[in-house]
>>> print(open('data_38.txt').read())   # compact mmCIF, C-alpha atoms
# COMPACT_ATOMS: atom_id res chain seq x y z
CA MET M 129 -94.37 -57.02 -38.20
CA SER M 130 -97.86 -56.08 -36.99
CA GLY M 131 -101.08 -57.25 -38.59
CA ALA M 132 -101.55 -53.74 -39.99
CA GLN M 133 -98.08 -53.78 -41.58
CA GLN M 134 -98.72 -57.23 -43.05
CA SER M 135 -102.02 -56.04 -44.54
CA GLU M 136 -100.37 -52.88 -45.88
CA LEU M 137 -97.65 -54.88 -47.66
CA ILE M 138 -100.14 -57.30 -49.22
CA THR M 139 -102.41 -54.45 -50.38
CA LYS M 140 -99.44 -52.55 -51.82
CA LEU M 141 -98.34 -55.56 -53.87
CA GLN M 142 -101.90 -56.28 -55.02
CA ASP M 143 -102.25 -52.69 -56.24
CA ARG M 144 -98.89 -52.88 -58.01
CA THR M 145 -100.07 -56.06 -59.74
CA HIS M 146 -103.26 -54.35 -60.89
CA ASP M 147 -101.26 -51.42 -62.28
CA CYS M 148 -99.34 -53.90 -64.45
CA LEU M 149 -102.33 -55.92 -65.66
CA LYS M 150 -105.24 -53.51 -65.98
CA GLU M 151 -104.61 -52.45 -69.57
CA PHE M 152 -104.78 -56.06 -70.79
CA ILE M 153 -108.17 -57.02 -69.33
CA ARG M 154 -111.43 -55.65 -70.66
CA PRO M 155 -114.89 -56.37 -69.22
CA ASP M 156 -116.40 -57.32 -72.59
CA GLU M 157 -113.68 -59.78 -73.66
CA PRO M 158 -113.16 -63.40 -72.60
CA ILE M 159 -109.88 -64.55 -71.08
CA ALA M 160 -107.97 -67.78 -71.64
CA ILE M 161 -105.36 -69.03 -69.15
CA LEU M 162 -103.01 -71.80 -70.24
CA ASP M 163 -100.58 -74.14 -68.44
CA PHE M 164 -102.51 -74.91 -65.25
CA PRO M 165 -99.96 -76.42 -62.80
CA ASP M 166 -101.32 -79.92 -62.24
CA ILE M 167 -98.27 -80.79 -60.16
CA ARG M 168 -97.50 -81.46 -56.50
CA ASN M 169 -95.75 -78.15 -55.76
CA CYS M 170 -98.10 -76.12 -53.55
CA GLY M 171 -96.47 -72.87 -54.63
CA ASP M 172 -97.68 -73.24 -58.21
CA SER M 173 -101.21 -73.73 -56.90
CA ALA M 174 -100.84 -70.57 -54.82
CA ILE M 175 -99.98 -68.65 -58.00
CA TRP M 176 -103.01 -70.09 -59.82
CA LEU M 177 -105.38 -69.21 -56.99
CA GLY M 178 -103.92 -65.70 -56.93
CA GLU M 179 -104.60 -65.38 -60.65
CA MET M 180 -108.20 -66.50 -60.11
CA ALA M 181 -108.60 -64.18 -57.11
CA TYR M 182 -107.29 -61.20 -59.07
CA LEU M 183 -109.78 -61.71 -61.90
CA GLN M 184 -112.67 -62.24 -59.49
CA GLN M 185 -111.90 -59.36 -57.14
CA ARG M 186 -111.01 -56.75 -59.76
CA TYR M 187 -113.34 -57.74 -62.60
CA ALA M 188 -115.81 -60.37 -61.33
CA LYS M 189 -114.48 -62.53 -64.17
CA ARG M 190 -113.64 -66.17 -64.62
CA PRO M 191 -111.55 -67.44 -67.51
CA SER M 192 -113.54 -68.79 -70.43
CA TYR M 193 -110.88 -71.34 -71.28
CA VAL M 194 -108.25 -73.06 -69.13
CA CYS M 195 -105.97 -76.02 -69.78
CA THR M 196 -102.93 -77.93 -68.71
CA THR M 197 -100.12 -78.53 -71.18
CA ASP M 198 -101.50 -82.06 -71.65
CA ASP M 199 -105.11 -81.20 -72.55
CA PHE M 200 -104.50 -77.97 -74.48
CA SER M 201 -106.63 -77.65 -77.60
CA SER M 202 -106.27 -74.68 -79.94
CA ASP M 203 -109.73 -75.41 -81.37
CA GLU M 204 -111.37 -75.40 -77.93
CA LEU M 205 -109.58 -72.18 -77.06
CA LYS M 206 -110.89 -70.53 -80.24
CA ASP M 207 -114.43 -71.73 -79.50
CA SER M 208 -114.45 -70.73 -75.82
CA ALA M 209 -112.43 -67.50 -76.12
CA PRO M 210 -112.55 -66.38 -79.76
CA ASN M 211 -111.06 -63.00 -78.90
CA GLY M 212 -109.38 -61.29 -75.97
CA PRO M 213 -105.97 -61.95 -74.43
CA ILE M 214 -104.41 -65.36 -73.94
CA PHE M 215 -102.71 -65.51 -70.54
CA ILE M 216 -100.06 -68.04 -69.58
CA HIS M 217 -99.75 -69.13 -65.95
CA GLY M 218 -96.96 -67.48 -63.94
CA GLY M 219 -94.12 -68.99 -61.93
CA GLY M 220 -90.44 -69.70 -62.30
CA ASN M 221 -90.20 -71.67 -65.54
CA PHE M 222 -89.30 -69.02 -68.13
CA GLY M 223 -86.04 -70.24 -69.64
CA ASP M 224 -84.40 -73.63 -69.92
CA ILE M 225 -84.46 -75.15 -66.43
CA TRP M 226 -88.04 -76.37 -66.91
CA VAL M 227 -87.80 -76.33 -70.70
CA PHE M 228 -91.07 -78.18 -71.35
CA HIS M 229 -93.01 -75.10 -70.24
CA GLN M 230 -90.89 -72.81 -72.42
CA ASP M 231 -91.52 -75.07 -75.41
CA PHE M 232 -95.25 -74.92 -74.72
CA ARG M 233 -95.18 -71.12 -74.39
CA GLU M 234 -93.41 -70.72 -77.72
CA ARG M 235 -95.76 -73.19 -79.39
CA VAL M 236 -98.71 -71.04 -78.31
CA MET M 237 -97.04 -67.97 -79.83
CA GLU M 238 -96.70 -69.83 -83.11
CA LEU M 239 -100.31 -71.05 -83.08
CA PHE M 240 -101.79 -67.63 -82.26
CA PRO M 241 -99.68 -65.04 -84.11
CA ASP M 242 -102.52 -62.50 -84.19
CA ARG M 243 -103.67 -62.73 -80.54
CA GLN M 244 -102.21 -60.80 -77.64
CA ILE M 245 -100.42 -63.24 -75.31
CA VAL M 246 -99.73 -62.08 -71.76
CA GLN M 247 -97.31 -63.95 -69.53
CA PHE M 248 -98.27 -63.74 -65.85
CA PRO M 249 -95.23 -62.86 -63.65
CA GLN M 250 -92.23 -65.15 -64.11
CA SER M 251 -88.58 -65.45 -63.08
CA ILE M 252 -86.17 -65.87 -66.00
CA HIS M 253 -83.10 -68.08 -66.14
CA TYR M 254 -81.22 -69.44 -69.16
CA LYS M 255 -78.13 -71.62 -69.17
CA SER M 256 -77.98 -72.20 -72.94
CA ALA M 257 -77.24 -69.40 -75.39
CA GLU M 258 -78.78 -71.52 -78.13
CA ARG M 259 -82.05 -71.91 -76.22
CA LEU M 260 -82.12 -68.19 -75.51
CA GLU M 261 -81.79 -67.44 -79.24
CA GLN M 262 -84.75 -69.71 -79.93
CA SER M 263 -86.86 -67.75 -77.44
CA LYS M 264 -85.71 -64.43 -78.92
CA ARG M 265 -86.86 -65.57 -82.37
CA ALA M 266 -90.25 -66.78 -81.11
CA ILE M 267 -90.97 -63.56 -79.22
CA GLY M 268 -89.68 -61.31 -82.00
CA LYS M 269 -91.78 -63.09 -84.60
CA HIS M 270 -94.97 -62.84 -82.54
CA LYS M 271 -94.91 -59.03 -82.03
CA ASN M 272 -97.76 -58.98 -79.46
CA PHE M 273 -96.28 -60.84 -76.51
CA VAL M 274 -96.38 -59.14 -73.09
CA LEU M 275 -93.95 -60.39 -70.43
CA LEU M 276 -94.39 -59.75 -66.71
CA VAL M 277 -91.38 -60.59 -64.52
CA ARG M 278 -90.88 -60.84 -60.74
CA ASP M 279 -87.46 -59.28 -60.19
CA GLU M 280 -85.14 -56.56 -61.46
CA GLU M 281 -82.60 -58.99 -62.91
CA SER M 282 -85.29 -60.70 -65.00
CA PHE M 283 -86.61 -57.29 -66.05
CA GLN M 284 -83.22 -56.08 -67.27
CA PHE M 285 -82.53 -59.41 -68.97
CA ALA M 286 -85.87 -59.31 -70.80
CA LYS M 287 -85.43 -55.68 -71.87
CA GLU M 288 -82.00 -56.49 -73.30
CA ASN M 289 -82.95 -59.73 -75.06
CA PHE M 290 -86.63 -59.75 -76.03
CA ASP M 291 -88.60 -57.58 -78.45
CA CYS M 292 -91.77 -57.22 -76.37
CA GLN M 293 -93.43 -55.19 -73.63
CA VAL M 294 -91.90 -56.00 -70.23
CA TYR M 295 -93.31 -55.11 -66.79
CA LEU M 296 -91.93 -55.64 -63.28
CA CYS M 297 -94.80 -57.21 -61.35
CA PRO M 298 -95.20 -59.00 -57.98
CA ASP M 299 -96.03 -62.69 -57.80
CA MET M 300 -99.74 -63.39 -58.31
CA ALA M 301 -100.00 -65.37 -55.05
CA PHE M 302 -100.25 -62.10 -53.11
CA CYS M 303 -103.70 -61.60 -54.65
CA ILE M 304 -104.98 -64.39 -52.37
CA GLY M 305 -104.64 -61.98 -49.44
CA GLY M 306 -103.92 -62.61 -45.77
CA ILE M 307 -104.67 -66.05 -44.30
CA GLU M 308 -105.39 -67.10 -40.72
CA PRO M 309 -102.94 -69.90 -39.80
CA ALA M 310 -103.48 -72.85 -37.51
CA ALA M 311 -101.68 -73.02 -34.16
CA PRO M 312 -98.01 -74.06 -34.47
CA GLN M 313 -96.87 -77.53 -33.44
CA PHE M 314 -93.07 -77.10 -33.61
CA PRO M 315 -90.76 -74.24 -32.63
CA VAL M 316 -88.91 -74.46 -35.97
CA LEU M 317 -89.85 -76.18 -39.23
CA ALA M 318 -87.43 -76.54 -42.16
CA MET M 319 -89.06 -76.51 -45.62
CA LEU M 320 -86.25 -77.25 -48.08
CA ARG M 321 -86.26 -78.07 -51.80
CA GLN M 322 -85.78 -81.57 -53.15
CA ASP M 323 -85.59 -80.83 -56.86
CA LYS M 324 -83.24 -79.43 -59.52
CA GLU M 325 -83.34 -75.90 -58.03
CA GLN M 326 -81.89 -76.90 -54.65
CA VAL M 327 -78.38 -75.73 -53.72
CA GLY M 328 -76.30 -78.84 -53.13
CA THR M 329 -77.00 -81.45 -50.50
CA VAL M 330 -78.04 -80.28 -47.05
CA ASP M 331 -76.48 -82.02 -44.04
CA PHE M 332 -79.24 -81.89 -41.45
CA SER M 333 -77.73 -84.34 -38.98
CA ALA M 334 -76.87 -81.57 -36.50
CA TYR M 335 -80.56 -80.68 -36.06
CA PRO M 336 -82.42 -83.84 -35.02
CA ASP M 337 -85.02 -81.73 -33.18
CA ILE M 338 -86.14 -79.84 -36.30
CA PRO M 339 -88.51 -81.48 -38.80
CA LYS M 340 -87.13 -81.24 -42.36
CA GLU M 341 -89.76 -81.45 -45.09
CA ASP M 342 -90.71 -80.27 -48.55
CA TRP M 343 -94.21 -79.59 -49.86
CA ILE M 344 -94.13 -81.67 -53.01
CA THR M 345 -95.42 -84.83 -51.32
CA GLU M 346 -99.15 -85.35 -51.78
CA SER M 347 -101.87 -87.96 -51.70
CA ARG M 348 -102.88 -88.49 -55.32
CA SER M 349 -106.14 -90.04 -54.15
CA LYS M 350 -107.09 -86.87 -52.24
CA VAL M 351 -106.37 -84.72 -55.29
CA ARG M 352 -108.50 -87.04 -57.46
CA VAL M 353 -111.33 -86.80 -54.94
CA ALA M 354 -111.04 -83.00 -54.90
CA LYS M 355 -111.27 -82.91 -58.70
CA ALA M 356 -114.27 -85.24 -58.67
CA LEU M 357 -116.06 -83.10 -56.09
CA GLY M 358 -115.28 -79.99 -58.09
CA ALA M 359 -116.80 -81.57 -61.18
CA ALA M 360 -119.80 -82.93 -59.24
CA SER M 361 -120.62 -79.45 -57.98
CA ALA M 362 -120.91 -78.25 -61.55
CA LEU M 363 -122.85 -80.95 -63.36
CA LEU M 364 -125.71 -78.84 -64.67
CA HIS M 365 -125.63 -76.45 -67.61
CA LEU M 366 -121.86 -75.97 -67.81
CA THR M 367 -119.61 -76.11 -70.84
CA PRO M 368 -116.70 -78.56 -70.93
CA SER M 369 -114.32 -75.65 -70.31
CA GLU M 370 -116.29 -74.57 -67.24
CA MET M 371 -116.30 -78.14 -65.94
CA ARG M 372 -112.54 -78.31 -66.42
CA LEU M 373 -112.07 -75.03 -64.53
CA ARG M 374 -114.07 -76.36 -61.55
CA LYS M 375 -111.93 -79.49 -61.44
CA LEU M 376 -108.62 -77.66 -61.71
CA ASP M 377 -109.62 -75.05 -59.14
CA ALA M 378 -110.54 -77.84 -56.73
CA ALA M 379 -107.14 -79.50 -57.22
CA ALA M 380 -105.33 -76.18 -56.70
CA ASN M 381 -107.30 -75.46 -53.53
CA ASN M 382 -106.54 -78.95 -52.20
CA ARG M 383 -102.81 -78.49 -52.76
CA PHE M 384 -102.72 -74.94 -51.45
CA GLN M 385 -104.58 -75.79 -48.24
CA ARG M 386 -102.20 -78.74 -47.72
CA GLY M 387 -99.26 -76.36 -48.02
CA ILE M 388 -100.75 -73.81 -45.61
CA ARG M 389 -101.49 -76.53 -43.04
CA GLN M 390 -97.94 -77.81 -43.41
CA ILE M 391 -96.10 -74.52 -42.91
CA SER M 392 -98.49 -73.38 -40.16
CA ARG M 393 -97.03 -76.16 -38.00
CA GLY M 394 -93.84 -74.12 -37.49
CA ARG M 395 -93.73 -71.16 -35.12
CA ALA M 396 -90.74 -70.12 -37.24
CA ILE M 397 -89.68 -71.54 -40.61
CA VAL M 398 -86.44 -72.01 -42.56
CA THR M 399 -86.89 -72.32 -46.31
CA ASP M 400 -85.32 -72.10 -49.75
CA ARG M 401 -88.69 -72.04 -51.56
CA LEU M 402 -90.05 -68.75 -52.88
CA HIS M 403 -93.67 -69.59 -52.14
CA VAL M 404 -92.96 -70.79 -48.63
CA HIS M 405 -91.58 -67.27 -48.18
CA ILE M 406 -94.68 -65.70 -49.78
CA CYS M 407 -97.15 -67.92 -47.93
CA SER M 408 -95.31 -67.27 -44.65
CA LEU M 409 -95.97 -63.57 -45.25
CA LEU M 410 -99.64 -64.31 -45.99
CA ILE M 411 -100.04 -66.20 -42.68
CA GLY M 412 -97.81 -63.82 -40.71
CA ARG M 413 -95.10 -66.31 -39.66
CA SER M 414 -91.42 -65.55 -39.10
CA HIS M 415 -89.14 -67.28 -41.58
CA ALA M 416 -85.47 -67.39 -42.51
CA VAL M 417 -84.82 -67.49 -46.25
CA LEU M 418 -82.04 -69.30 -48.08
CA ASP M 419 -81.86 -69.11 -51.88
CA ASN M 420 -82.40 -71.51 -54.75
CA ASN M 421 -79.60 -72.30 -57.16
CA TYR M 422 -79.94 -69.19 -59.35
CA GLY M 423 -80.91 -66.48 -56.88
CA LYS M 424 -84.65 -66.42 -57.53
CA ILE M 425 -85.77 -65.80 -53.95
CA ARG M 426 -83.28 -63.04 -53.08
CA ARG M 427 -84.08 -61.34 -56.39
CA PHE M 428 -87.79 -61.35 -55.59
CA MET M 429 -87.26 -60.15 -52.03
CA ASN M 430 -85.04 -57.32 -53.26
CA ALA M 431 -87.77 -56.22 -55.66
CA PHE M 432 -90.88 -56.57 -53.51
CA SER M 433 -91.02 -58.48 -50.24
CA GLY M 434 -87.78 -57.97 -48.32
CA GLY M 435 -87.28 -55.61 -45.43
CA THR M 436 -90.06 -56.89 -43.18
CA ASP M 437 -89.64 -58.12 -39.62
CA LEU M 438 -91.13 -61.47 -40.63
CA SER M 439 -88.36 -62.50 -43.02
CA TYR M 440 -84.59 -62.81 -42.65
CA LYS M 441 -82.04 -63.40 -45.44
CA ALA M 442 -79.91 -66.15 -43.95
CA THR M 443 -76.28 -66.53 -45.00
CA SER M 444 -76.29 -70.30 -44.36
CA LEU M 445 -78.47 -73.07 -43.01
CA ASP M 446 -76.86 -72.69 -39.59
CA ASP M 447 -77.53 -68.94 -39.64
CA GLY M 448 -81.15 -69.47 -40.67
CA ILE M 449 -81.81 -72.02 -37.95
CA ARG M 450 -80.15 -69.79 -35.35
CA TRP M 451 -82.43 -66.88 -36.32
CA ALA M 452 -85.54 -69.06 -36.48
CA ARG M 453 -84.83 -70.44 -33.02
CA GLU M 454 -84.54 -66.92 -31.68
CA GLN M 455 -87.91 -66.00 -33.22
CA ALA M 456 -89.46 -69.15 -31.75
CA GLY M 457 -88.13 -68.22 -28.30
CA ILE M 458 -85.76 -71.14 -27.84
CA ALA M 459 -82.04 -71.20 -27.11
CA ALA M 460 -79.58 -71.89 -29.92
>>> encode(input="data_38.txt", output="structure tokens")
Amino acid sequence: MSGAQQSELITKLQDRTHDCLKEFIRPDEPIAILDFPDIRNCGDSAIWLGEMAYLQQRYAKRPSYVCTTDDFSSDELKDSAPNGPIFIHGGGNFGDIWVFHQDFRERVMELFPDRQIVQFPQSIHYKSAERLEQSKRAIGKHKNFVLLVRDEESFQFAKENFDCQVYLCPDMAFCIGGIEPAAPQFPVLAMLRQDKEQVGTVDFSAYPDIPKEDWITESRSKVRVAKALGAASALLHLTPSEMRLRKLDAAANNRFQRGIRQISRGRAIVTDRLHVHICSLLIGRSHAVLDNNYGKIRRFMNAFSGGTDLSYKATSLDDGIRWAREQAGIAA
């Protein structure tokens, strides 16, 4: 995949994103964004930075109110953004795998029945019919909820089950744009999940030459320093919400840059993380893709990002490593 092809794909997905979002953002209205991902997963920070980049590049806007699930205040939201849409951060937590975020989303619908609520692109997965019925009731009662989803399966599921507007939209991380990577250090790097979305236990004993990592390990002290520096850069004449945004942006940038440095170390990559796939496209690195435990990555690739020379849908770990070694120019 040439640099021109990479740029063309990224631009195409950015334009598709704008087509989905443009009717919900108006220059004269403030924007609130809820559920900032103050967690170790670099992929969630990539989504956040893409959301910020989209608003800045297309509208020269910054959100008037942001929060995590822990520091959310309905009164502060009303003061900082008394009108306009309420956006909820995108990702892969719509459903009952990461139910805390779904509970928060439905609580916001209940608290703001008369405000338009727009869900940035999500993947949907429910295991419990009872939990699905609860979500149906919350969305049906609200009447002004807009749901953006990242794959065809989620789109069809939402159209069949939820009484709301539904749009098929790429992941917001593509709005970051292309990134220049550092020089690789290893021929092949394996970036594999270590959480509840992983598929079984991976036996990596046959590949002692390949580093196996995940990108959920971080230095808490470095993130605290990043937040402090973000706040220190904004000490004068800023509202509490603006101060919070500076701090959260700094934390997201710290995590995202850590993730980019980490994956740049591989000349070729094997992964079962969606945002390692997306970030590999942004830096132009070859990568073999396995799936998570409910098909999220394949579904996204089928909708938007598959079919490039940079990515390969591996049938197994052995198959992915074989392909990655070929891309790195080493014998199997």
>>> residues_around(input="data_38.txt", residues="range 233-243 of chain M", least_positions_apart="3", cutoff="12 Å", atoms="all atoms listed in the file", output="PyMOL selection string")
chain M and resi 152+159-163+196-197+200-203+205-206+209-218+221-224+226-230+246-248+259-260+262-275
>>> residues_around(input="data_38.txt", residues="His146 in chain M", least_positions_apart="6", cutoff="9 Å", atoms="all atoms listed in the file", output="list in words")
Tyr182, Arg186 and Cys297 of chain M
>>> atom_distance(input="data_38.txt", atom1="CA of Val404 in chain M", atom2="CA of Arg372 in chain M")
27.5 Å
>>> residues_around(input="data_38.txt", residues="Val327 in chain M", least_positions_apart="4", cutoff="8 Å", atoms="all atoms listed in the file", output="count of residues only")
3
>>> atom_distance(input="data_38.txt", atom1="CA of Lys424 in chain M", atom2="CA of Gly305 in chain M")
22.0 Å
>>> closest_residue(input="data_38.txt", among="M:Lys375, M:Arg154, M:Lys340, M:His403", to="Asp299 in chain M", atoms="all atoms listed in the file")
M:His403
>>> decode(input="data_38.txt", residues="range 435-453 of chain M", atoms="N, CA, C and O atoms", output="tab-separated table (two decimals), in the first residue's frame")
chain	number	residue	atom	x	y	z
M	435	GLY	N	-9.15	-5.02	2.89
M	435	GLY	CA	-8.83	-4.95	1.47
M	435	GLY	C	-7.63	-4.11	1.12
M	435	GLY	O	-7.41	-3.77	-0.04
M	436	THR	N	-6.81	-3.74	2.10
M	436	THR	CA	-5.57	-3.02	1.81
M	436	THR	C	-4.40	-3.99	1.87
M	436	THR	O	-4.48	-5.05	2.50
M	437	ASP	N	-3.30	-3.59	1.25
M	437	ASP	CA	-2.10	-4.43	1.29
M	437	ASP	C	-1.45	-4.44	2.66
M	437	ASP	O	-0.62	-5.32	2.95
M	438	LEU	N	-1.81	-3.49	3.51
M	438	LEU	CA	-1.18	-3.39	4.83
M	438	LEU	C	-1.74	-4.40	5.83
M	438	LEU	O	-1.07	-4.73	6.80
M	439	SER	N	-2.98	-4.85	5.63
M	439	SER	CA	-3.61	-5.71	6.62
M	439	SER	C	-3.95	-7.07	6.03
M	439	SER	O	-4.23	-7.20	4.83
M	440	TYR	N	-3.94	-8.09	6.89
M	440	TYR	CA	-4.20	-9.47	6.48
M	440	TYR	C	-5.08	-10.13	7.54
M	440	TYR	O	-4.76	-10.09	8.74
M	441	LYS	N	-6.20	-10.70	7.14
M	441	LYS	CA	-7.08	-11.40	8.07
M	441	LYS	C	-6.54	-12.81	8.30
M	441	LYS	O	-6.72	-13.70	7.47
M	442	ALA	N	-5.88	-12.99	9.41
M	442	ALA	CA	-5.25	-14.28	9.71
M	442	ALA	C	-6.30	-15.28	10.18
M	442	ALA	O	-7.27	-14.93	10.85
M	443	THR	N	-6.10	-16.54	9.84
M	443	THR	CA	-7.02	-17.60	10.26
M	443	THR	C	-6.63	-18.19	11.61
M	443	THR	O	-7.43	-18.89	12.23
M	444	SER	N	-5.40	-17.92	12.06
M	444	SER	CA	-4.91	-18.43	13.34
M	444	SER	C	-3.68	-17.62	13.72
M	444	SER	O	-3.13	-16.86	12.90
M	445	LEU	N	-3.22	-17.81	14.94
M	445	LEU	CA	-1.99	-17.15	15.37
M	445	LEU	C	-0.82	-17.58	14.49
M	445	LEU	O	-0.01	-16.75	14.05
M	446	ASP	N	-0.72	-18.87	14.22
M	446	ASP	CA	0.38	-19.37	13.39
M	446	ASP	C	0.33	-18.73	12.00
M	446	ASP	O	1.37	-18.33	11.45
M	447	ASP	N	-0.86	-18.63	11.44
M	447	ASP	CA	-1.03	-18.02	10.12
M	447	ASP	C	-0.64	-16.55	10.14
M	447	ASP	O	0.05	-16.05	9.23
M	448	GLY	N	-1.04	-15.84	11.19
M	448	GLY	CA	-0.70	-14.43	11.30
M	448	GLY	C	0.79	-14.20	11.43
M	448	GLY	O	1.35	-13.29	10.80
M	449	ILE	N	1.45	-15.01	12.23
M	449	ILE	CA	2.90	-14.86	12.40
M	449	ILE	C	3.63	-15.22	11.11
M	449	ILE	O	4.61	-14.56	10.73
M	450	ARG	N	3.15	-16.26	10.42
M	450	ARG	CA	3.78	-16.61	9.14
M	450	ARG	C	3.72	-15.43	8.18
M	450	ARG	O	4.72	-15.07	7.55
M	451	TRP	N	2.54	-14.81	8.05
M	451	TRP	CA	2.37	-13.68	7.13
M	451	TRP	C	3.23	-12.49	7.57
M	451	TRP	O	3.87	-11.84	6.74
M	452	ALA	N	3.22	-12.20	8.88
M	452	ALA	CA	3.99	-11.06	9.37
M	452	ALA	C	5.48	-11.25	9.12
M	452	ALA	O	6.20	-10.31	8.75
M	453	ARG	N	5.95	-12.49	9.30
M	453	ARG	CA	7.36	-12.76	9.01
M	453	ARG	C	7.69	-12.54	7.53
M	453	ARG	O	8.75	-12.00	7.19
